[in-house]
$ cat start-v3.pdb   # PDB, C-alpha atoms and all ligand atoms
ATOM      1  CA  MET J   1      -1.690  13.925 -16.513  1.00  0.00           C
ATOM      2  CA  SER J   2      -4.815  15.511 -17.918  1.00  0.00           C
ATOM      3  CA  GLU J   3      -8.072  15.995 -16.058  1.00  0.00           C
ATOM      4  CA  SER J   4      -9.957  13.669 -18.379  1.00  0.00           C
ATOM      5  CA  THR J   5     -11.063  10.144 -17.622  1.00  0.00           C
ATOM      6  CA  LEU J   6      -8.274   7.630 -18.102  1.00  0.00           C
ATOM      7  CA  PRO J   7      -8.525   4.611 -20.443  1.00  0.00           C
ATOM      8  CA  GLY J   8     -10.271   1.557 -19.028  1.00  0.00           C
ATOM      9  CA  HIS J   9      -7.091  -0.491 -18.884  1.00  0.00           C
ATOM     10  CA  VAL J  10      -5.674   1.774 -16.160  1.00  0.00           C
ATOM     11  CA  ALA J  11      -6.502   1.091 -12.499  1.00  0.00           C
ATOM     12  CA  LEU J  12      -5.869   3.098  -9.355  1.00  0.00           C
ATOM     13  CA  ILE J  13      -4.609   1.379  -6.206  1.00  0.00           C
ATOM     14  CA  VAL J  14      -4.978   3.406  -2.997  1.00  0.00           C
ATOM     15  CA  VAL J  15      -2.685   1.851  -0.408  1.00  0.00           C
ATOM     16  CA  ASP J  16      -3.324   1.877   3.345  1.00  0.00           C
ATOM     17  CA  VAL J  17      -4.878   5.328   3.856  1.00  0.00           C
ATOM     18  CA  GLN J  18      -5.844   4.491   7.421  1.00  0.00           C
ATOM     19  CA  PRO J  19      -5.875   6.555  10.647  1.00  0.00           C
ATOM     20  CA  ASP J  20      -3.079   4.530  12.261  1.00  0.00           C
ATOM     21  CA  PHE J  21      -0.685   5.799   9.556  1.00  0.00           C
ATOM     22  CA  MET J  22      -1.592   9.467  10.129  1.00  0.00           C
ATOM     23  CA  PRO J  23       0.336  11.873  12.418  1.00  0.00           C
ATOM     24  CA  GLY J  24      -0.685  10.971  15.967  1.00  0.00           C
ATOM     25  CA  GLY J  25      -1.517   7.424  14.867  1.00  0.00           C
ATOM     26  CA  ALA J  26       0.087   4.194  16.002  1.00  0.00           C
ATOM     27  CA  LEU J  27       2.544   4.089  13.064  1.00  0.00           C
ATOM     28  CA  ALA J  28       2.586   7.637  11.750  1.00  0.00           C
ATOM     29  CA  CYS J  29       3.928   8.500   8.307  1.00  0.00           C
ATOM     30  CA  HIS J  30       5.649  11.863   7.890  1.00  0.00           C
ATOM     31  CA  GLU J  31       2.870  14.321   6.858  1.00  0.00           C
ATOM     32  CA  GLY J  32       0.594  11.356   6.129  1.00  0.00           C
ATOM     33  CA  ASP J  33      -2.508  13.511   6.499  1.00  0.00           C
ATOM     34  CA  ALA J  34      -1.316  15.869   3.737  1.00  0.00           C
ATOM     35  CA  ILE J  35      -2.412  13.417   1.042  1.00  0.00           C
ATOM     36  CA  VAL J  36      -5.976  12.944   2.286  1.00  0.00           C
ATOM     37  CA  PRO J  37      -7.635  15.920   0.491  1.00  0.00           C
ATOM     38  CA  GLY J  38      -5.878  15.096  -2.786  1.00  0.00           C
ATOM     39  CA  ILE J  39      -6.907  11.444  -2.720  1.00  0.00           C
ATOM     40  CA  ASP J  40     -10.457  12.454  -1.858  1.00  0.00           C
ATOM     41  CA  ALA J  41     -10.516  14.825  -4.848  1.00  0.00           C
ATOM     42  CA  LEU J  42      -9.036  12.172  -7.139  1.00  0.00           C
ATOM     43  CA  LEU J  43     -11.674   9.619  -6.158  1.00  0.00           C
ATOM     44  CA  ARG J  44     -14.505  12.140  -6.472  1.00  0.00           C
ATOM     45  CA  ALA J  45     -13.321  13.016  -9.982  1.00  0.00           C
ATOM     46  CA  ARG J  46     -14.043   9.407 -11.083  1.00  0.00           C
ATOM     47  CA  ARG J  47     -11.039   9.442 -13.433  1.00  0.00           C
ATOM     48  CA  TYR J  48     -10.345   5.710 -13.062  1.00  0.00           C
ATOM     49  CA  ARG J  49     -12.604   2.922 -14.298  1.00  0.00           C
ATOM     50  CA  HIS J  50     -11.181   0.558 -11.665  1.00  0.00           C
ATOM     51  CA  VAL J  51     -10.309   1.652  -8.116  1.00  0.00           C
ATOM     52  CA  VAL J  52      -8.938  -0.687  -5.469  1.00  0.00           C
ATOM     53  CA  ALA J  53      -8.014   0.207  -1.891  1.00  0.00           C
ATOM     54  CA  THR J  54      -5.895  -1.807   0.481  1.00  0.00           C
ATOM     55  CA  GLN J  55      -6.204  -1.976   4.234  1.00  0.00           C
ATOM     56  CA  ASP J  56      -3.464  -3.203   6.525  1.00  0.00           C
ATOM     57  CA  TRP J  57      -5.520  -5.581   8.695  1.00  0.00           C
ATOM     58  CA  HIS J  58      -3.693  -7.545  11.361  1.00  0.00           C
ATOM     59  CA  PRO J  59      -4.606  -9.978  14.124  1.00  0.00           C
ATOM     60  CA  ARG J  60      -3.365  -8.776  17.515  1.00  0.00           C
ATOM     61  CA  GLU J  61      -0.795 -11.605  17.628  1.00  0.00           C
ATOM     62  CA  HIS J  62       0.776 -10.476  14.323  1.00  0.00           C
ATOM     63  CA  VAL J  63       4.465 -11.300  13.859  1.00  0.00           C
ATOM     64  CA  SER J  64       5.349  -7.747  12.721  1.00  0.00           C
ATOM     65  CA  PHE J  65       4.442  -6.220  16.091  1.00  0.00           C
ATOM     66  CA  ALA J  66       7.481  -5.568  18.310  1.00  0.00           C
ATOM     67  CA  ALA J  67       5.195  -6.150  21.292  1.00  0.00           C
ATOM     68  CA  ASN J  68       4.999  -9.812  20.264  1.00  0.00           C
ATOM     69  CA  HIS J  69       8.808 -10.206  20.463  1.00  0.00           C
ATOM     70  CA  PRO J  70       9.967  -9.982  24.098  1.00  0.00           C
ATOM     71  CA  GLY J  71      12.941  -7.636  24.482  1.00  0.00           C
ATOM     72  CA  GLN J  72      12.501  -6.026  21.033  1.00  0.00           C
ATOM     73  CA  ALA J  73      11.545  -2.402  20.393  1.00  0.00           C
ATOM     74  CA  PRO J  74       9.620  -0.960  17.442  1.00  0.00           C
ATOM     75  CA  PHE J  75      11.757  -0.376  14.314  1.00  0.00           C
ATOM     76  CA  ALA J  76      14.259  -3.073  15.334  1.00  0.00           C
ATOM     77  CA  GLN J  77      15.397  -5.356  12.496  1.00  0.00           C
ATOM     78  CA  ILE J  78      15.134  -9.121  12.837  1.00  0.00           C
ATOM     79  CA  THR J  79      15.312 -12.075  10.458  1.00  0.00           C
ATOM     80  CA  LEU J  80      11.975 -13.723   9.743  1.00  0.00           C
ATOM     81  CA  HIS J  81      11.520 -16.680   7.386  1.00  0.00           C
ATOM     82  CA  GLY J  82      15.071 -15.993   6.182  1.00  0.00           C
ATOM     83  CA  GLN J  83      14.355 -12.382   5.217  1.00  0.00           C
ATOM     84  CA  PRO J  84      14.967  -9.006   6.914  1.00  0.00           C
ATOM     85  CA  GLN J  85      11.925  -7.856   8.879  1.00  0.00           C
ATOM     86  CA  THR J  86      11.289  -4.512  10.570  1.00  0.00           C
ATOM     87  CA  LEU J  87       9.345  -4.742  13.812  1.00  0.00           C
ATOM     88  CA  TRP J  88       6.555  -2.157  14.022  1.00  0.00           C
ATOM     89  CA  PRO J  89       4.433  -0.656  16.766  1.00  0.00           C
ATOM     90  CA  VAL J  90       1.063  -2.372  17.130  1.00  0.00           C
ATOM     91  CA  HIS J  91      -1.011  -0.933  14.265  1.00  0.00           C
ATOM     92  CA  CYS J  92      -4.076  -1.606  12.119  1.00  0.00           C
ATOM     93  CA  VAL J  93      -5.561  -4.277  14.335  1.00  0.00           C
ATOM     94  CA  ALA J  94      -8.473  -5.786  12.407  1.00  0.00           C
ATOM     95  CA  GLY J  95     -11.729  -4.032  13.191  1.00  0.00           C
ATOM     96  CA  SER J  96     -10.141  -1.153  15.135  1.00  0.00           C
ATOM     97  CA  ASP J  97     -10.791   2.523  14.352  1.00  0.00           C
ATOM     98  CA  GLY J  98      -7.142   2.939  13.357  1.00  0.00           C
ATOM     99  CA  ALA J  99      -7.549   0.277  10.658  1.00  0.00           C
ATOM    100  CA  ALA J 100     -10.600   1.875   9.010  1.00  0.00           C
ATOM    101  CA  LEU J 101     -10.526   3.466   5.585  1.00  0.00           C
ATOM    102  CA  HIS J 102      -9.816   7.123   6.343  1.00  0.00           C
ATOM    103  CA  PRO J 103     -13.154   8.763   7.265  1.00  0.00           C
ATOM    104  CA  ALA J 104     -12.385  12.058   5.456  1.00  0.00           C
ATOM    105  CA  ILE J 105     -12.287  10.397   2.030  1.00  0.00           C
ATOM    106  CA  ASP J 106     -15.332   9.643  -0.131  1.00  0.00           C
ATOM    107  CA  TRP J 107     -14.836   5.942  -0.866  1.00  0.00           C
ATOM    108  CA  SER J 108     -18.153   5.477  -2.683  1.00  0.00           C
ATOM    109  CA  GLY J 109     -16.407   4.980  -6.048  1.00  0.00           C
ATOM    110  CA  LEU J 110     -14.329   2.093  -4.736  1.00  0.00           C
ATOM    111  CA  ASP J 111     -14.630  -1.242  -6.592  1.00  0.00           C
ATOM    112  CA  ALA J 112     -12.760  -3.551  -4.212  1.00  0.00           C
ATOM    113  CA  ILE J 113     -10.826  -3.679  -0.961  1.00  0.00           C
ATOM    114  CA  VAL J 114      -7.804  -5.907  -0.407  1.00  0.00           C
ATOM    115  CA  ARG J 115      -7.182  -6.600   3.273  1.00  0.00           C
ATOM    116  CA  LYS J 116      -3.588  -7.665   3.773  1.00  0.00           C
ATOM    117  CA  GLY J 117      -1.569  -8.948   6.693  1.00  0.00           C
ATOM    118  CA  ARG J 118      -4.287 -11.181   8.075  1.00  0.00           C
ATOM    119  CA  ASP J 119      -1.945 -14.177   8.505  1.00  0.00           C
ATOM    120  CA  ALA J 120      -0.298 -13.746  11.922  1.00  0.00           C
ATOM    121  CA  ARG J 121       2.906 -15.395  10.666  1.00  0.00           C
ATOM    122  CA  VAL J 122       3.605 -13.160   7.649  1.00  0.00           C
ATOM    123  CA  ASP J 123       3.913  -9.403   7.136  1.00  0.00           C
ATOM    124  CA  SER J 124       2.294  -7.921   4.065  1.00  0.00           C
ATOM    125  CA  TYR J 125       3.381  -4.700   2.364  1.00  0.00           C
ATOM    126  CA  SER J 126       2.310  -5.131  -1.260  1.00  0.00           C
ATOM    127  CA  ALA J 127      -1.269  -5.144  -2.525  1.00  0.00           C
ATOM    128  CA  PHE J 128      -0.340  -8.096  -4.735  1.00  0.00           C
ATOM    129  CA  ARG J 129       1.652 -10.505  -2.551  1.00  0.00           C
ATOM    130  CA  GLU J 130       2.347 -10.941   1.127  1.00  0.00           C
ATOM    131  CA  ASN J 131       5.979 -10.780   2.261  1.00  0.00           C
ATOM    132  CA  HIS J 132       7.954 -14.018   2.401  1.00  0.00           C
ATOM    133  CA  GLY J 133       6.120 -16.650   4.417  1.00  0.00           C
ATOM    134  CA  PRO J 134       7.265 -19.802   6.235  1.00  0.00           C
ATOM    135  CA  ALA J 135       7.438 -21.767   2.968  1.00  0.00           C
ATOM    136  CA  GLY J 136       9.822 -19.183   1.468  1.00  0.00           C
ATOM    137  CA  THR J 137       7.205 -18.015  -1.010  1.00  0.00           C
ATOM    138  CA  ARG J 138       5.088 -14.868  -1.182  1.00  0.00           C
ATOM    139  CA  PRO J 139       1.397 -15.782  -0.972  1.00  0.00           C
ATOM    140  CA  PRO J 140      -0.729 -13.905  -3.542  1.00  0.00           C
ATOM    141  CA  THR J 141      -3.652 -11.699  -2.473  1.00  0.00           C
ATOM    142  CA  GLY J 142      -5.679 -12.421  -5.627  1.00  0.00           C
ATOM    143  CA  LEU J 143      -5.386  -8.871  -6.965  1.00  0.00           C
ATOM    144  CA  VAL J 144      -3.537  -9.916 -10.143  1.00  0.00           C
ATOM    145  CA  GLY J 145      -6.484 -12.043 -11.228  1.00  0.00           C
ATOM    146  CA  TRP J 146      -8.982  -9.378 -10.227  1.00  0.00           C
ATOM    147  CA  LEU J 147      -7.219  -6.804 -12.419  1.00  0.00           C
ATOM    148  CA  ARG J 148      -6.475  -9.106 -15.378  1.00  0.00           C
ATOM    149  CA  GLU J 149     -10.073 -10.298 -15.628  1.00  0.00           C
ATOM    150  CA  ARG J 150     -11.041  -6.649 -16.023  1.00  0.00           C
ATOM    151  CA  GLY J 151      -8.473  -6.015 -18.747  1.00  0.00           C
ATOM    152  CA  VAL J 152      -6.216  -3.858 -16.614  1.00  0.00           C
ATOM    153  CA  GLN J 153      -2.687  -3.447 -17.996  1.00  0.00           C
ATOM    154  CA  GLU J 154      -1.459  -0.441 -16.043  1.00  0.00           C
ATOM    155  CA  VAL J 155      -1.769   0.598 -12.396  1.00  0.00           C
ATOM    156  CA  HIS J 156      -1.251   3.941 -10.680  1.00  0.00           C
ATOM    157  CA  VAL J 157      -0.426   3.742  -6.988  1.00  0.00           C
ATOM    158  CA  CYS J 158      -0.901   6.303  -4.204  1.00  0.00           C
ATOM    159  CA  GLY J 159      -1.248   6.209  -0.411  1.00  0.00           C
ATOM    160  CA  LEU J 160       1.016   5.168   2.428  1.00  0.00           C
ATOM    161  CA  ALA J 161       3.789   4.637   2.917  1.00  0.00           C
ATOM    162  CA  ARG J 162       5.845   5.823  -0.053  1.00  0.00           C
ATOM    163  CA  ASP J 163       8.930   3.878   1.099  1.00  0.00           C
ATOM    164  CA  VAL J 164       7.167   0.685   2.173  1.00  0.00           C
ATOM    165  CA  CYS J 165       3.742  -0.504   1.025  1.00  0.00           C
ATOM    166  CA  VAL J 166       3.358   1.905  -1.929  1.00  0.00           C
ATOM    167  CA  LEU J 167       6.832   1.084  -3.220  1.00  0.00           C
ATOM    168  CA  TRP J 168       6.359  -2.663  -2.796  1.00  0.00           C
ATOM    169  CA  THR J 169       3.001  -2.482  -4.572  1.00  0.00           C
ATOM    170  CA  ALA J 170       4.471  -0.605  -7.547  1.00  0.00           C
ATOM    171  CA  GLN J 171       7.451  -2.965  -7.712  1.00  0.00           C
ATOM    172  CA  ASP J 172       5.215  -6.024  -7.637  1.00  0.00           C
ATOM    173  CA  ALA J 173       2.996  -4.526 -10.328  1.00  0.00           C
ATOM    174  CA  ARG J 174       6.037  -4.332 -12.610  1.00  0.00           C
ATOM    175  CA  ALA J 175       7.308  -7.774 -11.623  1.00  0.00           C
ATOM    176  CA  LEU J 176       3.876  -9.264 -12.343  1.00  0.00           C
ATOM    177  CA  GLY J 177       3.582  -7.753 -15.810  1.00  0.00           C
ATOM    178  CA  PHE J 178       1.735  -4.446 -15.408  1.00  0.00           C
ATOM    179  CA  ARG J 179       2.904  -0.989 -16.373  1.00  0.00           C
ATOM    180  CA  ALA J 180       3.127   1.048 -13.181  1.00  0.00           C
ATOM    181  CA  GLY J 181       3.212   4.647 -12.056  1.00  0.00           C
ATOM    182  CA  LEU J 182       3.486   6.209  -8.624  1.00  0.00           C
ATOM    183  CA  LEU J 183       1.483   9.362  -7.909  1.00  0.00           C
ATOM    184  CA  TRP J 184       4.333  11.008  -5.999  1.00  0.00           C
ATOM    185  CA  GLU J 185       2.475  13.921  -4.360  1.00  0.00           C
ATOM    186  CA  LEU J 186      -0.260  11.561  -3.161  1.00  0.00           C
ATOM    187  CA  THR J 187       2.220   9.493  -1.137  1.00  0.00           C
ATOM    188  CA  ARG J 188       4.271  10.169   2.007  1.00  0.00           C
ATOM    189  CA  PRO J 189       7.065   8.088   3.565  1.00  0.00           C
ATOM    190  CA  VAL J 190       7.573   6.664   7.020  1.00  0.00           C
ATOM    191  CA  THR J 191      11.108   8.079   6.753  1.00  0.00           C
ATOM    192  CA  PRO J 192      11.690  11.199   4.590  1.00  0.00           C
ATOM    193  CA  ALA J 193      15.390  10.333   4.279  1.00  0.00           C
ATOM    194  CA  SER J 194      14.313   7.325   2.198  1.00  0.00           C
ATOM    195  CA  ASP J 195      13.091   9.437  -0.746  1.00  0.00           C
ATOM    196  CA  ALA J 196      16.336   9.296  -2.741  1.00  0.00           C
ATOM    197  CA  ALA J 197      16.466   5.513  -2.467  1.00  0.00           C
ATOM    198  CA  THR J 198      12.792   5.280  -3.404  1.00  0.00           C
ATOM    199  CA  ARG J 199      13.303   7.397  -6.537  1.00  0.00           C
ATOM    200  CA  ALA J 200      16.297   5.273  -7.512  1.00  0.00           C
ATOM    201  CA  ALA J 201      14.296   2.065  -7.059  1.00  0.00           C
ATOM    202  CA  LEU J 202      11.446   3.437  -9.191  1.00  0.00           C
ATOM    203  CA  ALA J 203      13.815   4.478 -11.975  1.00  0.00           C
ATOM    204  CA  ALA J 204      15.636   1.140 -11.908  1.00  0.00           C
ATOM    205  CA  GLN J 205      12.412  -0.773 -12.381  1.00  0.00           C
ATOM    206  CA  GLY J 206      10.751   1.404 -14.984  1.00  0.00           C
ATOM    207  CA  ILE J 207       8.083   2.759 -12.647  1.00  0.00           C
ATOM    208  CA  GLU J 208       6.926   6.166 -13.779  1.00  0.00           C
ATOM    209  CA  VAL J 209       6.700   9.065 -11.320  1.00  0.00           C
ATOM    210  CA  LEU J 210       3.320  10.697 -11.976  1.00  0.00           C
ATOM    211  CA  HIS J 211       1.923  14.035 -10.852  1.00  0.00           C
ATOM    212  CA  ALA J 212      -1.850  13.958 -10.395  1.00  0.00           C
TER     213      ALA J 212
HETATM  214 ZN    ZN Y 301       1.169  -3.647   9.005  1.00  0.00          ZN
END
$ encode --input "start-v3.pdb" --output "structure tokens" --more "lines below"
Ligand SMILES: [Zn+2]
Amino acid sequence: MSESTLPGHVALIVVDVQPDFMPGGALACHEGDAIVPGIDALLRARRYRHVVATQDWHPREHVSFAANHPGQAPFAQITLHGQPQTLWPVHCVAGSDGAALHPAIDWSGLDAIVRKGRDARVDSYSAFRENHGPAGTRPPTGLVGWLRERGVQEVHVCGLARDVCVLWTAQDARALGFRAGLLWELTRPVTPASDAATRAALAAQGIEVLHA
């Protein structure tokens, strides 16, 4: 990618760059803090006409928290609404410091924030749609309409985590009719061993690996 400003039909989605996902945080991603300076530089460069950030933003009684399932430990797998669900440590409680947009990034160029995971009954990885809910459907966040009304046809995704919310966001972008690219160096996984599977999933779905 060049250093010039990108065409107006390309949007940047910055996923879940929040203190709880940093090393030492409630749900740390491997080397999660390594991407902070690069994302800050990318936003300061004003290369994208449209910039959206997501925040994981949960009520304390959220269904994804292992603490809300007696006898279950974090990272256990259960079935929820007929789908596999990982149970997580308590993280990104709405309004907490750990749920803030990362304080070392200049967010002043941001156009919109999508707060996801606010329904206590449903987990939410993708910026576009929550995970499967009680009705068996994936409730939309409204981001598709927001982007389409601005003429966006292509999205570039960075942030955390490479193997969970970033991947789901890029996959949904493709499934919902956008071209999609993943800014590989500006992501980090929860589990580094997942990288091969992530690359395979990206290739299978026509999601470009980009280098900022
Ligand atoms: Zn979450």
$ resolve_selection --input "start-v3.pdb" --expression "the PyMOL selection byres (((not hetatm)) within 7 of (chain Y and resi 301))" --output "JSON, numbers by chain"
{"J": [56, 57, 58, 64, 91, 92, 117, 123, 124]}
$ residues_around --input "start-v3.pdb" --residues "Asp106 (chain J)" --least-positions-apart "6" --cutoff "8 Å" --atoms "all atoms listed in the file" --output "list in words"
Asp40, Leu43 and Arg44 of chain J
$ residues_around --input "start-v3.pdb" --residues "region 45-47 of chain J" --least-positions-apart "3" --cutoff "9 Å" --atoms "all atoms listed in the file" --output "PyMOL selection string"
chain J and resi 3-7+40-42+109
$ axis_aligned_box --input "start-v3.pdb" --around "region 71-76 of chain J" --padding-each-side "4 Å" --output "AutoDock Vina command-line options"
--center_x 11.9 --center_y -4.0 --center_z 19.4 --size_x 12.6 --size_y 15.3 --size_z 18.2
$ residues_around --input "start-v3.pdb" --residues "Glu154 (chain J)" --least-positions-apart "4" --cutoff "9 Å" --atoms "all atoms listed in the file" --output "JSON, numbers by chain"
{"J": [9, 10, 11, 12, 173, 177, 178, 179, 180, 181]}
$ write_last_selection --input "start-v3.pdb" --atoms "C-alpha atoms" --output "compact mmCIF listing (two decimals), keeping the file's coordinate frame"
# COMPACT_ATOMS: atom_id res chain seq x y z
CA HIS J 9 -7.09 -0.49 -18.88
CA VAL J 10 -5.67 1.77 -16.16
CA ALA J 11 -6.50 1.09 -12.50
CA LEU J 12 -5.87 3.10 -9.36
CA ALA J 173 3.00 -4.53 -10.33
CA GLY J 177 3.58 -7.75 -15.81
CA PHE J 178 1.74 -4.45 -15.41
CA ARG J 179 2.90 -0.99 -16.37
CA ALA J 180 3.13 1.05 -13.18
CA GLY J 181 3.21 4.65 -12.06
$ closest_atom_pairs --input "start-v3.pdb" --of "region 104-190 of chain J" --to "region 65-82 of chain J" --cutoff "9 Å" --atoms "only C-alpha atoms" --output "Markdown table"
| residue | atom | partner | partner_atom | distance |
| --- | --- | --- | --- | --- |
| J:Val122 | CA | J:Leu80 | CA | 8.6 |
| J:His132 | CA | J:His81 | CA | 6.7 |
| J:Gly133 | CA | J:His81 | CA | 6.2 |
| J:Pro134 | CA | J:His81 | CA | 5.4 |
| J:Ala135 | CA | J:His81 | CA | 7.9 |
| J:Gly136 | CA | J:His81 | CA | 6.6 |
$ resolve_selection --input "start-v3.pdb" --expression "the PyMOL selection byres (((chain J and resi 167) around 9) and not hetatm)" --output "compact mmCIF listing (two decimals) with C-alpha atoms, in the coordinates of the input"
# COMPACT_ATOMS: atom_id res chain seq x y z
CA TYR J 125 3.38 -4.70 2.36
CA SER J 126 2.31 -5.13 -1.26
CA VAL J 157 -0.43 3.74 -6.99
CA ALA J 161 3.79 4.64 2.92
CA ARG J 162 5.84 5.82 -0.05
CA ASP J 163 8.93 3.88 1.10
CA VAL J 164 7.17 0.68 2.17
CA CYS J 165 3.74 -0.50 1.02
CA VAL J 166 3.36 1.90 -1.93
CA TRP J 168 6.36 -2.66 -2.80
CA THR J 169 3.00 -2.48 -4.57
CA ALA J 170 4.47 -0.60 -7.55
CA GLN J 171 7.45 -2.96 -7.71
CA ASP J 172 5.22 -6.02 -7.64
CA LEU J 182 3.49 6.21 -8.62
CA THR J 198 12.79 5.28 -3.40
CA ALA J 201 14.30 2.06 -7.06
CA LEU J 202 11.45 3.44 -9.19
$ resolve_selection --input "start-v3.pdb" --expression "the PyMOL selection byres (((chain J and resi 160) around 9) and not hetatm)" --output "ChimeraX atom specification"
/J:14-18,21,29,32,158-159,161-166,186-190
$ atom_distance --input "start-v3.pdb" --atom1 "CA of Pro89 (chain J)" --atom2 "CA of Ala175 (chain J)"
29.4 Å
$ residues_around --input "start-v3.pdb" --residues "region 140-150 of chain J" --least-positions-apart "6" --cutoff "7 Å" --atoms "all atoms listed in the file" --output "list of chain:residue names"
J:Ala127, J:Phe128, J:Arg129, J:Glu130
$ atom_distance --input "start-v3.pdb" --atom1 "CA of Val209 (chain J)" --atom2 "CA of Ile13 (chain J)"
14.6 Å
$ atom_distance --input "start-v3.pdb" --atom1 "CA of His50 (chain J)" --atom2 "CA of Gly8 (chain J)"
7.5 Å
$ build_atoms --input "start-v3.pdb" --residues "region 83-100 of chain J" --atoms "N, CA, C and O atoms" --output "compact mmCIF listing (two decimals), in the coordinates of the input"
# COMPACT_ATOMS: atom_id res chain seq x y z
N GLN J 83 14.34 -13.71 5.85
CA GLN J 83 14.36 -12.38 5.22
C GLN J 83 14.43 -11.29 6.29
O GLN J 83 13.96 -11.50 7.41
N PRO J 84 14.98 -10.10 5.93
CA PRO J 84 14.97 -9.01 6.91
C PRO J 84 13.54 -8.55 7.21
O PRO J 84 12.71 -8.47 6.30
N GLN J 85 13.26 -8.28 8.47
CA GLN J 85 11.92 -7.86 8.88
C GLN J 85 12.07 -6.71 9.87
O GLN J 85 12.79 -6.82 10.86
N THR J 86 11.38 -5.60 9.60
CA THR J 86 11.29 -4.51 10.57
C THR J 86 10.16 -4.82 11.54
O THR J 86 9.08 -5.25 11.12
N LEU J 87 10.42 -4.60 12.82
CA LEU J 87 9.35 -4.74 13.81
C LEU J 87 8.66 -3.38 13.98
O LEU J 87 9.32 -2.35 14.09
N TRP J 88 7.34 -3.39 14.00
CA TRP J 88 6.56 -2.16 14.02
C TRP J 88 5.80 -2.02 15.34
O TRP J 88 5.54 -3.03 16.02
N PRO J 89 5.39 -0.80 15.66
CA PRO J 89 4.43 -0.66 16.77
C PRO J 89 3.13 -1.40 16.40
O PRO J 89 2.86 -1.63 15.21
N VAL J 90 2.37 -1.76 17.40
CA VAL J 90 1.06 -2.37 17.13
C VAL J 90 0.23 -1.38 16.31
O VAL J 90 0.09 -0.21 16.68
N HIS J 91 -0.27 -1.83 15.16
CA HIS J 91 -1.01 -0.93 14.26
C HIS J 91 -2.04 -1.72 13.48
O HIS J 91 -1.89 -2.93 13.27
N CYS J 92 -3.07 -1.04 13.03
CA CYS J 92 -4.08 -1.61 12.12
C CYS J 92 -4.58 -2.98 12.58
O CYS J 92 -4.65 -3.94 11.78
N VAL J 93 -4.94 -3.05 13.84
CA VAL J 93 -5.56 -4.28 14.34
C VAL J 93 -6.95 -4.39 13.70
O VAL J 93 -7.73 -3.42 13.68
N ALA J 94 -7.23 -5.56 13.16
CA ALA J 94 -8.47 -5.79 12.41
C ALA J 94 -9.69 -5.32 13.21
O ALA J 94 -9.86 -5.69 14.37
N GLY J 95 -10.50 -4.50 12.57
CA GLY J 95 -11.73 -4.03 13.19
C GLY J 95 -11.58 -2.79 14.05
O GLY J 95 -12.59 -2.22 14.48
N SER J 96 -10.34 -2.34 14.30
CA SER J 96 -10.14 -1.15 15.14
C SER J 96 -10.37 0.12 14.32
O SER J 96 -10.31 0.12 13.09
N ASP J 97 -10.60 1.24 15.04
CA ASP J 97 -10.79 2.52 14.35
C ASP J 97 -9.56 2.91 13.54
O ASP J 97 -9.67 3.50 12.46
N GLY J 98 -8.38 2.58 14.05
CA GLY J 98 -7.14 2.94 13.36
C GLY J 98 -6.94 2.18 12.06
O GLY J 98 -6.12 2.57 11.23
N ALA J 99 -7.67 1.09 11.87
CA ALA J 99 -7.55 0.28 10.66
C ALA J 99 -8.61 0.61 9.61
O ALA J 99 -8.60 0.06 8.52
N ALA J 100 -9.51 1.53 9.94
CA ALA J 100 -10.60 1.88 9.01
C ALA J 100 -10.05 2.57 7.77
O ALA J 100 -8.95 3.12 7.78
